[in-house]
file target.tsv (TSV, C-alpha atoms)
chain	number	residue	atom	x	y	z
M	1	MET	CA	-3.97	36.30	-2.85
M	2	ALA	CA	-5.06	39.40	-0.90
M	3	ILE	CA	-4.14	41.72	-3.76
M	4	ARG	CA	-6.20	39.60	-6.18
M	5	LEU	CA	-9.21	39.87	-3.88
M	6	LEU	CA	-8.81	43.65	-3.84
M	7	GLU	CA	-8.54	43.70	-7.63
M	8	ILE	CA	-11.81	41.74	-7.91
M	9	ILE	CA	-13.49	44.20	-5.51
M	10	PHE	CA	-12.18	47.10	-7.61
M	11	PHE	CA	-13.37	45.38	-10.80
M	12	PHE	CA	-16.92	45.04	-9.45
M	13	TYR	CA	-16.84	48.59	-8.12
M	14	PHE	CA	-15.90	50.06	-11.50
M	15	ALA	CA	-18.05	47.71	-13.59
M	16	SER	CA	-21.13	48.45	-11.46
M	17	HIS	CA	-20.41	52.16	-11.58
M	18	ILE	CA	-21.01	52.29	-15.34
M	19	PRO	CA	-24.78	51.59	-15.27
M	20	ILE	CA	-25.24	53.47	-11.99
M	21	THR	CA	-23.72	56.60	-13.49
M	22	LEU	CA	-25.43	56.35	-16.86
M	23	PHE	CA	-28.89	55.36	-15.67
M	24	ILE	CA	-29.16	56.93	-12.21
M	25	ASP	CA	-26.65	59.67	-11.44
M	26	LEU	CA	-26.83	61.47	-14.78
M	27	GLN	CA	-30.57	61.98	-14.36
M	28	ALA	CA	-29.61	64.99	-12.23
M	29	LEU	CA	-27.98	66.62	-15.28
M	30	LEU	CA	-29.78	65.43	-18.38
M	31	PRO	CA	-33.28	66.39	-19.53
M	32	GLY	CA	-36.06	64.16	-18.27
M	33	HIS	CA	-37.07	62.95	-21.75
M	34	VAL	CA	-33.72	61.13	-22.07
M	35	TYR	CA	-34.77	58.47	-19.55
M	36	PRO	CA	-37.67	56.01	-19.63
M	37	GLN	CA	-40.29	56.46	-16.95
M	38	SER	CA	-39.17	53.28	-15.16
M	39	LEU	CA	-35.70	54.74	-14.48
M	40	LYS	CA	-37.17	58.06	-13.36
M	41	ASP	CA	-39.50	56.15	-11.04
M	42	LEU	CA	-36.54	54.22	-9.64
M	43	VAL	CA	-34.73	57.43	-8.74
M	44	ARG	CA	-37.90	58.91	-7.22
M	45	TRP	CA	-38.47	55.73	-5.17
M	46	TYR	CA	-34.85	55.77	-3.96
M	47	ALA	CA	-34.94	59.47	-3.06
M	48	GLU	CA	-38.20	59.10	-1.14
M	49	GLU	CA	-37.31	55.81	0.54
M	50	PHE	CA	-33.85	56.92	1.68
M	51	ARG	CA	-34.62	60.63	2.01
M	52	ASP	CA	-32.05	61.75	-0.55
M	53	PRO	CA	-33.38	65.01	-2.00
M	54	MET	CA	-30.05	65.66	-3.72
M	55	MET	CA	-31.07	63.13	-6.37
M	56	LEU	CA	-34.40	64.84	-7.13
M	57	ASP	CA	-33.43	68.47	-6.71
M	58	PRO	CA	-29.63	68.57	-6.67
M	59	PRO	CA	-27.88	71.69	-5.39
M	60	HIS	CA	-25.53	73.32	-7.90
M	61	TRP	CA	-22.43	72.10	-6.06
M	62	PHE	CA	-23.77	68.52	-6.23
M	63	LYS	CA	-24.45	68.90	-9.95
M	64	SER	CA	-20.84	69.98	-10.41
M	65	PHE	CA	-19.70	66.70	-8.84
M	66	ILE	CA	-22.01	64.74	-11.15
M	67	PHE	CA	-20.68	66.72	-14.11
M	68	CYS	CA	-17.15	65.67	-13.13
M	69	GLU	CA	-18.37	62.10	-12.76
M	70	ALA	CA	-19.81	62.22	-16.28
M	71	LEU	CA	-16.88	63.96	-17.94
M	72	PHE	CA	-13.84	62.51	-16.17
M	73	GLN	CA	-14.84	59.42	-14.22
M	74	THR	CA	-17.21	57.62	-16.59
M	75	PRO	CA	-14.59	57.16	-19.35
M	76	PHE	CA	-12.24	55.77	-16.70
M	77	PHE	CA	-14.71	53.15	-15.38
M	78	PRO	CA	-14.37	50.58	-18.21
M	79	VAL	CA	-10.60	51.10	-18.38
M	80	ALA	CA	-10.25	50.50	-14.64
M	81	ALA	CA	-12.66	47.56	-14.73
M	82	TYR	CA	-10.52	45.96	-17.44
M	83	ALA	CA	-7.26	46.62	-15.58
M	84	PHE	CA	-8.49	45.13	-12.32
M	85	LEU	CA	-10.17	42.16	-13.99
M	86	LYS	CA	-6.88	41.39	-15.76
M	87	GLY	CA	-4.90	42.15	-12.59
M	88	GLY	CA	-1.40	43.42	-12.02
M	89	CYS	CA	-1.63	46.23	-14.60
M	90	LYS	CA	0.94	48.70	-13.29
M	91	TRP	CA	-0.17	51.31	-15.84
M	92	ILE	CA	-3.43	51.81	-13.92
M	93	ARG	CA	-1.54	53.13	-10.85
M	94	THR	CA	-1.39	56.85	-11.72
M	95	PRO	CA	-4.92	57.10	-13.15
M	96	ALA	CA	-6.23	55.18	-10.13
M	97	ILE	CA	-4.47	57.57	-7.75
M	98	VAL	CA	-5.95	60.57	-9.57
M	99	TYR	CA	-9.42	58.98	-9.61
M	100	SER	CA	-9.38	57.91	-5.97
M	101	THR	CA	-8.19	61.25	-4.62
M	102	HIS	CA	-10.73	63.12	-6.74
M	103	VAL	CA	-13.63	60.95	-5.62
M	104	ALA	CA	-12.60	60.96	-1.97
M	105	THR	CA	-12.45	64.75	-1.95
M	106	THR	CA	-15.92	65.01	-3.47
M	107	LEU	CA	-17.42	62.58	-0.98
M	108	ILE	CA	-16.28	64.52	2.08
M	109	PRO	CA	-18.58	67.51	1.40
M	110	ILE	CA	-21.42	65.20	0.38
M	111	LEU	CA	-21.18	63.26	3.65
M	112	ALA	CA	-20.83	66.48	5.66
M	113	HIS	CA	-23.91	67.86	3.91
M	114	ILE	CA	-25.89	64.73	4.77
M	115	LEU	CA	-24.79	64.81	8.41
M	116	PHE	CA	-25.04	68.53	9.19
M	117	TYR	CA	-27.36	70.30	6.74
M	118	GLN	CA	-30.83	71.11	8.00
M	119	PHE	CA	-32.85	69.69	5.13
M	120	PRO	CA	-36.27	71.21	4.50
M	121	MET	CA	-39.33	68.97	4.54
M	122	LYS	CA	-40.55	70.31	1.19
M	123	PRO	CA	-40.50	69.88	-1.75
M	124	HIS	CA	-38.38	66.73	-1.23
M	125	PRO	CA	-37.77	65.80	2.41
M	126	GLY	CA	-34.22	65.06	3.42
M	127	PRO	CA	-33.03	63.07	6.39
M	128	GLN	CA	-34.20	64.57	9.68
M	129	THR	CA	-33.27	62.08	12.38
M	130	PRO	CA	-29.79	60.75	13.14
M	131	GLN	CA	-30.95	57.31	12.00
M	132	GLU	CA	-32.09	58.67	8.61
M	133	ARG	CA	-28.85	60.61	8.21
M	134	TRP	CA	-26.67	57.58	9.00
M	135	LEU	CA	-28.72	55.40	6.66
M	136	LEU	CA	-28.06	57.85	3.83
M	137	VAL	CA	-24.39	58.11	4.82
M	138	SER	CA	-24.19	54.30	4.62
M	139	ILE	CA	-25.37	54.46	1.00
M	140	TYR	CA	-22.74	57.05	0.03
M	141	ALA	CA	-19.92	55.69	2.25
M	142	PRO	CA	-18.77	52.89	-0.10
M	143	TYR	CA	-18.03	55.58	-2.69
M	144	LEU	CA	-15.55	57.01	-0.22
M	145	LEU	CA	-14.24	53.79	1.32
M	146	VAL	CA	-13.49	51.93	-1.91
M	147	PRO	CA	-11.56	54.86	-3.45
M	148	VAL	CA	-9.55	55.26	-0.22
M	149	LEU	CA	-8.82	51.52	-0.28
M	150	LEU	CA	-7.85	51.87	-3.95
M	151	LEU	CA	-5.55	54.79	-3.13
M	152	LEU	CA	-3.84	52.86	-0.33
M	153	THR	CA	-3.45	49.82	-2.58
M	154	MET	CA	-1.86	51.89	-5.35
M	155	LEU	CA	0.48	53.63	-2.92
M	156	LEU	CA	1.49	50.71	-0.71
M	157	SER	CA	1.17	47.48	-2.66
M	158	PRO	CA	4.36	46.09	-4.20
M	159	THR	CA	2.21	44.84	-7.09
M	160	TYR	CA	1.59	48.43	-8.15
M	161	SER	CA	4.90	49.89	-7.04
M	162	PRO	CA	6.53	52.05	-9.70
M	163	THR	CA	9.91	50.61	-8.75
M	164	SER	CA	11.25	47.33	-10.01
M	165	LYS	CA	10.67	44.10	-8.12
M	166	SER	CA	13.29	43.37	-5.51
M	167	GLY	CA	16.32	41.72	-7.02
M	168	ASP	CA	15.81	43.32	-10.44
M	169	GLN	CA	18.11	46.07	-11.56
M	170	PRO	CA	16.61	49.37	-12.63
M	171	SER	CA	16.30	49.75	-16.40
M	172	LYS	CA	19.14	52.32	-16.55
M	173	ALA	CA	21.47	49.94	-14.72
M	174	LYS	CA	20.59	47.11	-17.12
M	175	LYS	CA	21.60	49.22	-20.11
M	176	LYS	CA	25.01	49.93	-18.57
M	177	ASN	CA	25.69	46.23	-17.91

call {"tool": "encode", "arguments": {"input": "target.tsv", "output": "structure tokens"}}
result
Amino acid sequence: MAIRLLEIIFFFYFASHIPITLFIDLQALLPGHVYPQSLKDLVRWYAEEFRDPMMLDPPHWFKSFIFCEALFQTPFFPVAAYAFLKGGCKWIRTPAIVYSTHVATTLIPILAHILFYQFPMKPHPGPQTPQERWLLVSIYAPYLLVPVLLLLTMLLSPTYSPTSKSGDQPSKAKKKN
């Protein structure tokens, strides 16, 4: 029961990531004419409301993370969404471990940047107060917490264990018998 709940959480995480990446995150990389004004306005509203200048004027290191998201993660999102909607797909274990460790390691510098960087007030003001910084951290934190939860699930859950279920013989032993 608990593993199925986690799979549903992972399904929604990956399924929701598809439009977020395509319509929001990739605006930092692609030319402005690719997106309708309403989506550009949404990103501007978000960046101003939550003081996230990285979305309007991303540093090069941040763009490199978005590039990795576009190139490596986005093709994985529908595959992972399918696997977790179906449930119990052992084949997703290794790709999920690779994905989760990659994403977790990119989120650490992003969160550190939010917490410790002295953001300028212009041209796009970043968080200045501890409250503003923690609000922005709370927006990015699920993109660290869910991958860490995914990693732990893949490593520790018997459902995704690479070994046979208890009581079953390994495949080599079955061939000998």

call {"tool": "closest_residue", "arguments": {"input": "target.tsv", "among": "M:Leu30, M:Leu42, M:Ile20, M:Ala47", "to": "His124 in chain M", "atoms": "only C-alpha atoms"}}
result
M:Ala47

call {"tool": "axis_aligned_box", "arguments": {"input": "target.tsv", "around": "range 51-62 of chain M", "padding_each_side": "4 Å", "output": "JSON"}}
result
{"center_x": -28.5, "center_y": 67.0, "center_z": -2.9, "size_x": 20.2, "size_y": 20.7, "size_z": 17.9}

call {"tool": "closest_residue", "arguments": {"input": "target.tsv", "among": "M:Leu39, M:Leu5, M:Ala28, M:Leu115", "to": "Leu56 in chain M", "atoms": "all atoms listed in the file"}}
result
M:Ala28

call {"tool": "residues_near_point", "arguments": {"input": "target.tsv", "point": "(-4.5, 59.4, -18.1)", "cutoff": "12 Å", "atoms": "all atoms listed in the file", "output": "MDAnalysis selection string"}}
result
chainID M and resid 72:73 75:76 79:80 91:99

call {"tool": "residues_around", "arguments": {"input": "target.tsv", "residues": "Pro53 in chain M", "least_positions_apart": "4", "cutoff": "10 Å", "atoms": "only C-alpha atoms", "output": "list in words"}}
result
Arg44, Tyr46, Ala47, Glu48, Asp57, Pro58, Pro59, Phe119, Pro120, Met121, Lys122, Pro123, His124, Pro125, Gly126 and Pro127 of chain M

call {"tool": "closest_residue", "arguments": {"input": "target.tsv", "among": "M:Ile110, M:Ala15, M:Met154, M:Ala141", "to": "Lys63 in chain M", "atoms": "only C-alpha atoms"}}
result
M:Ile110

call {"tool": "residues_around", "arguments": {"input": "target.tsv", "residues": "Phe77 in chain M", "least_positions_apart": "4", "cutoff": "9 Å", "atoms": "only C-alpha atoms", "output": "number ranges by chain"}}
result
M: 13-18, 73, 81-82

call {"tool": "residues_around", "arguments": {"input": "target.tsv", "residues": "His113 in chain M", "least_positions_apart": "3", "cutoff": "12 Å", "atoms": "only C-alpha atoms", "output": "ChimeraX atom specification"}}
result
/M:52-54,59,61-62,106-110,116-119,126-127,133-134,136-137,140

call {"tool": "residues_around", "arguments": {"input": "target.tsv", "residues": "Thr21 in chain M", "least_positions_apart": "6", "cutoff": "8 Å", "atoms": "all atoms listed in the file", "output": "tab-separated table (two decimals) with C-alpha atoms, in the frame of the given file"}}
result
chain	number	residue	atom	x	y	z
M	69	GLU	CA	-18.37	62.10	-12.76
M	70	ALA	CA	-19.81	62.22	-16.28
M	74	THR	CA	-17.21	57.62	-16.59

call {"tool": "atom_distance", "arguments": {"input": "target.tsv", "atom1": "CA of Pro78 in chain M", "atom2": "CA of Leu144 in chain M"}}
result
19.1 Å

call {"tool": "closest_residue", "arguments": {"input": "target.tsv", "among": "M:Met55, M:Gln131, M:Glu7, M:Ala2", "to": "Ile24 in chain M", "atoms": "all atoms listed in the file"}}
result
M:Met55

call {"tool": "atom_distance", "arguments": {"input": "target.tsv", "atom1": "CA of Ala104 in chain M", "atom2": "CA of Val146 in chain M"}}
result
9.1 Å

call {"tool": "atom_distance", "arguments": {"input": "target.tsv", "atom1": "CA of Leu71 in chain M", "atom2": "CA of Leu111 in chain M"}}
result
22.0 Å

call {"tool": "closest_residue", "arguments": {"input": "target.tsv", "among": "M:Ala112, M:Val34, M:Val103, M:Leu29", "to": "Leu151 in chain M", "atoms": "all atoms listed in the file"}}
result
M:Val103

call {"tool": "closest_residue", "arguments": {"input": "target.tsv", "among": "M:Ile9, M:Cys89, M:Met1, M:Leu149", "to": "Ser161 in chain M", "atoms": "only C-alpha atoms"}}
result
M:Cys89

call {"tool": "decode", "arguments": {"input": "target.tsv", "residues": "range 10-160 of chain M", "atoms": "C-alpha atoms", "output": "short mmCIF file (atom, residue, chain, number, x, y, z; two decimals), in the first residue's frame"}}
result
data_model
loop_
_atom_site.label_atom_id
_atom_site.label_comp_id
_atom_site.auth_asym_id
_atom_site.auth_seq_id
_atom_site.Cartn_x
_atom_site.Cartn_y
_atom_site.Cartn_z
CA PHE M 10 6.16 9.84 -8.47
CA PHE M 11 3.67 9.59 -11.35
CA PHE M 12 2.25 13.05 -10.61
CA TYR M 13 5.73 14.46 -10.13
CA PHE M 14 6.92 13.25 -13.53
CA ALA M 15 3.65 13.92 -15.38
CA SER M 16 3.51 17.50 -14.05
CA HIS M 17 7.17 18.03 -14.88
CA ILE M 18 6.50 17.70 -18.62
CA PRO M 19 4.47 20.92 -19.07
CA ILE M 20 6.52 22.76 -16.43
CA THR M 21 9.73 22.03 -18.31
CA LEU M 22 8.36 22.68 -21.79
CA PHE M 23 6.36 25.81 -21.04
CA ILE M 24 8.21 27.41 -18.13
CA ASP M 25 11.77 26.22 -17.57
CA LEU M 26 12.85 26.15 -21.21
CA GLN M 27 12.00 29.83 -21.59
CA ALA M 28 15.44 30.46 -20.06
CA LEU M 29 17.08 28.76 -23.06
CA LEU M 30 14.85 29.24 -26.08
CA PRO M 31 14.27 32.47 -28.02
CA GLY M 32 11.39 34.59 -26.80
CA HIS M 33 9.38 34.26 -30.03
CA VAL M 34 8.90 30.52 -29.33
CA TYR M 35 6.46 31.23 -26.50
CA PRO M 36 3.12 33.05 -26.52
CA GLN M 37 2.96 36.25 -24.52
CA SER M 38 0.72 34.63 -21.89
CA LEU M 39 3.45 32.11 -20.95
CA LYS M 40 6.12 34.81 -20.90
CA ASP M 41 3.85 36.88 -18.66
CA LEU M 42 3.38 33.90 -16.35
CA VAL M 43 7.14 33.52 -15.90
CA ARG M 44 7.55 37.27 -15.34
CA TRP M 45 4.73 37.26 -12.76
CA TYR M 46 6.28 34.26 -10.97
CA ALA M 47 9.78 35.78 -10.97
CA GLU M 48 8.53 39.10 -9.62
CA GLU M 49 6.09 37.63 -7.10
CA PHE M 50 8.56 35.12 -5.65
CA ARG M 51 11.73 37.11 -6.32
CA ASP M 52 13.32 34.51 -8.57
CA PRO M 53 15.59 36.43 -10.94
CA MET M 54 17.16 33.18 -12.15
CA MET M 55 14.07 32.63 -14.29
CA LEU M 56 14.29 36.03 -15.99
CA ASP M 57 18.05 36.44 -16.25
CA PRO M 58 19.54 33.03 -15.55
CA PRO M 59 23.25 32.76 -14.73
CA HIS M 60 25.22 30.53 -17.09
CA TRP M 61 25.54 27.76 -14.50
CA PHE M 62 21.73 27.77 -14.09
CA LYS M 63 21.27 27.60 -17.86
CA SER M 64 23.53 24.54 -17.90
CA PHE M 65 21.17 22.81 -15.45
CA ILE M 66 18.18 23.71 -17.62
CA PHE M 67 20.03 22.42 -20.67
CA CYS M 68 20.53 19.09 -18.87
CA GLU M 69 16.86 19.13 -17.92
CA ALA M 70 15.91 19.61 -21.57
CA LEU M 71 18.34 17.10 -23.04
CA PHE M 72 18.39 14.30 -20.47
CA GLN M 73 15.48 14.67 -18.08
CA THR M 74 12.60 15.66 -20.36
CA PRO M 75 12.74 12.45 -22.44
CA PHE M 76 12.73 10.50 -19.16
CA PHE M 77 9.61 12.21 -17.74
CA PRO M 78 6.95 10.37 -19.81
CA VAL M 79 8.80 7.06 -19.41
CA ALA M 80 8.94 7.47 -15.64
CA ALA M 81 5.33 8.68 -15.48
CA TYR M 82 4.25 5.53 -17.33
CA ALA M 83 6.34 3.23 -15.12
CA PHE M 84 5.01 4.68 -11.89
CA LEU M 85 1.42 4.82 -13.10
CA LYS M 86 1.66 1.14 -14.04
CA GLY M 87 3.56 0.36 -10.83
CA GLY M 88 6.10 -2.28 -9.95
CA CYS M 89 8.21 -1.79 -13.10
CA LYS M 90 11.62 -3.00 -11.95
CA TRP M 91 13.22 -1.76 -15.19
CA ILE M 92 12.77 1.85 -14.03
CA ARG M 93 15.14 1.31 -11.07
CA THR M 94 18.47 2.18 -12.72
CA PRO M 95 17.18 5.13 -14.77
CA ALA M 96 15.39 6.45 -11.67
CA ILE M 97 18.59 6.20 -9.63
CA VAL M 98 20.52 8.09 -12.32
CA TYR M 99 17.77 10.72 -12.60
CA SER M 100 17.35 11.23 -8.87
CA THR M 101 21.06 11.57 -8.13
CA HIS M 102 21.52 13.98 -11.04
CA VAL M 103 18.62 16.19 -9.98
CA ALA M 104 19.56 16.15 -6.31
CA THR M 105 23.10 17.26 -7.12
CA THR M 106 21.82 20.14 -9.26
CA LEU M 107 19.42 21.32 -6.58
CA ILE M 108 22.08 21.67 -3.89
CA PRO M 109 23.87 24.58 -5.63
CA ILE M 110 20.54 26.16 -6.58
CA LEU M 111 19.35 26.12 -2.97
CA ALA M 112 22.73 27.35 -1.72
CA HIS M 113 22.60 30.18 -4.25
CA ILE M 114 19.12 31.18 -3.06
CA LEU M 115 20.14 31.09 0.59
CA PHE M 116 23.58 32.73 0.45
CA TYR M 117 23.98 34.82 -2.71
CA GLN M 118 23.63 38.56 -2.30
CA PHE M 119 21.15 39.23 -5.08
CA PRO M 120 21.19 42.70 -6.64
CA MET M 121 18.01 44.77 -6.63
CA LYS M 122 18.28 45.49 -10.36
CA PRO M 123 17.47 44.58 -13.07
CA HIS M 124 15.45 41.74 -11.48
CA PRO M 125 15.36 41.78 -7.67
CA GLY M 126 16.14 38.54 -5.91
CA PRO M 127 15.21 37.55 -2.40
CA GLN M 128 16.64 39.91 0.20
CA THR M 129 15.10 38.91 3.52
CA PRO M 130 15.29 35.49 5.17
CA GLN M 131 11.53 35.15 4.65
CA GLU M 132 11.85 35.80 0.90
CA ARG M 133 14.76 33.38 0.64
CA TRP M 134 12.91 30.59 2.47
CA LEU M 135 9.80 31.17 0.37
CA LEU M 136 11.87 30.67 -2.78
CA VAL M 137 13.61 27.65 -1.24
CA SER M 138 10.16 26.17 -0.53
CA ILE M 139 9.33 26.41 -4.25
CA TYR M 140 12.53 24.62 -5.29
CA ALA M 141 12.66 22.15 -2.37
CA PRO M 142 10.16 19.61 -3.77
CA TYR M 143 12.51 19.17 -6.73
CA LEU M 144 15.11 17.98 -4.25
CA LEU M 145 12.88 16.12 -1.81
CA VAL M 146 10.96 14.02 -4.35
CA PRO M 147 14.13 12.84 -6.14
CA VAL M 148 15.72 11.94 -2.79
CA LEU M 149 12.55 10.03 -1.87
CA LEU M 150 12.69 8.36 -5.29
CA LEU M 151 16.33 7.42 -4.77
CA LEU M 152 15.61 5.92 -1.34
CA THR M 153 12.64 4.01 -2.74
CA MET M 154 14.71 2.56 -5.57
CA LEU M 155 17.53 1.59 -3.23
CA LEU M 156 15.55 0.26 -0.27
CA SER M 157 12.18 -0.99 -1.46
CA PRO M 158 11.86 -4.73 -2.05
CA THR M 159 9.48 -3.89 -4.92
CA TYR M 160 12.39 -2.41 -6.85
#
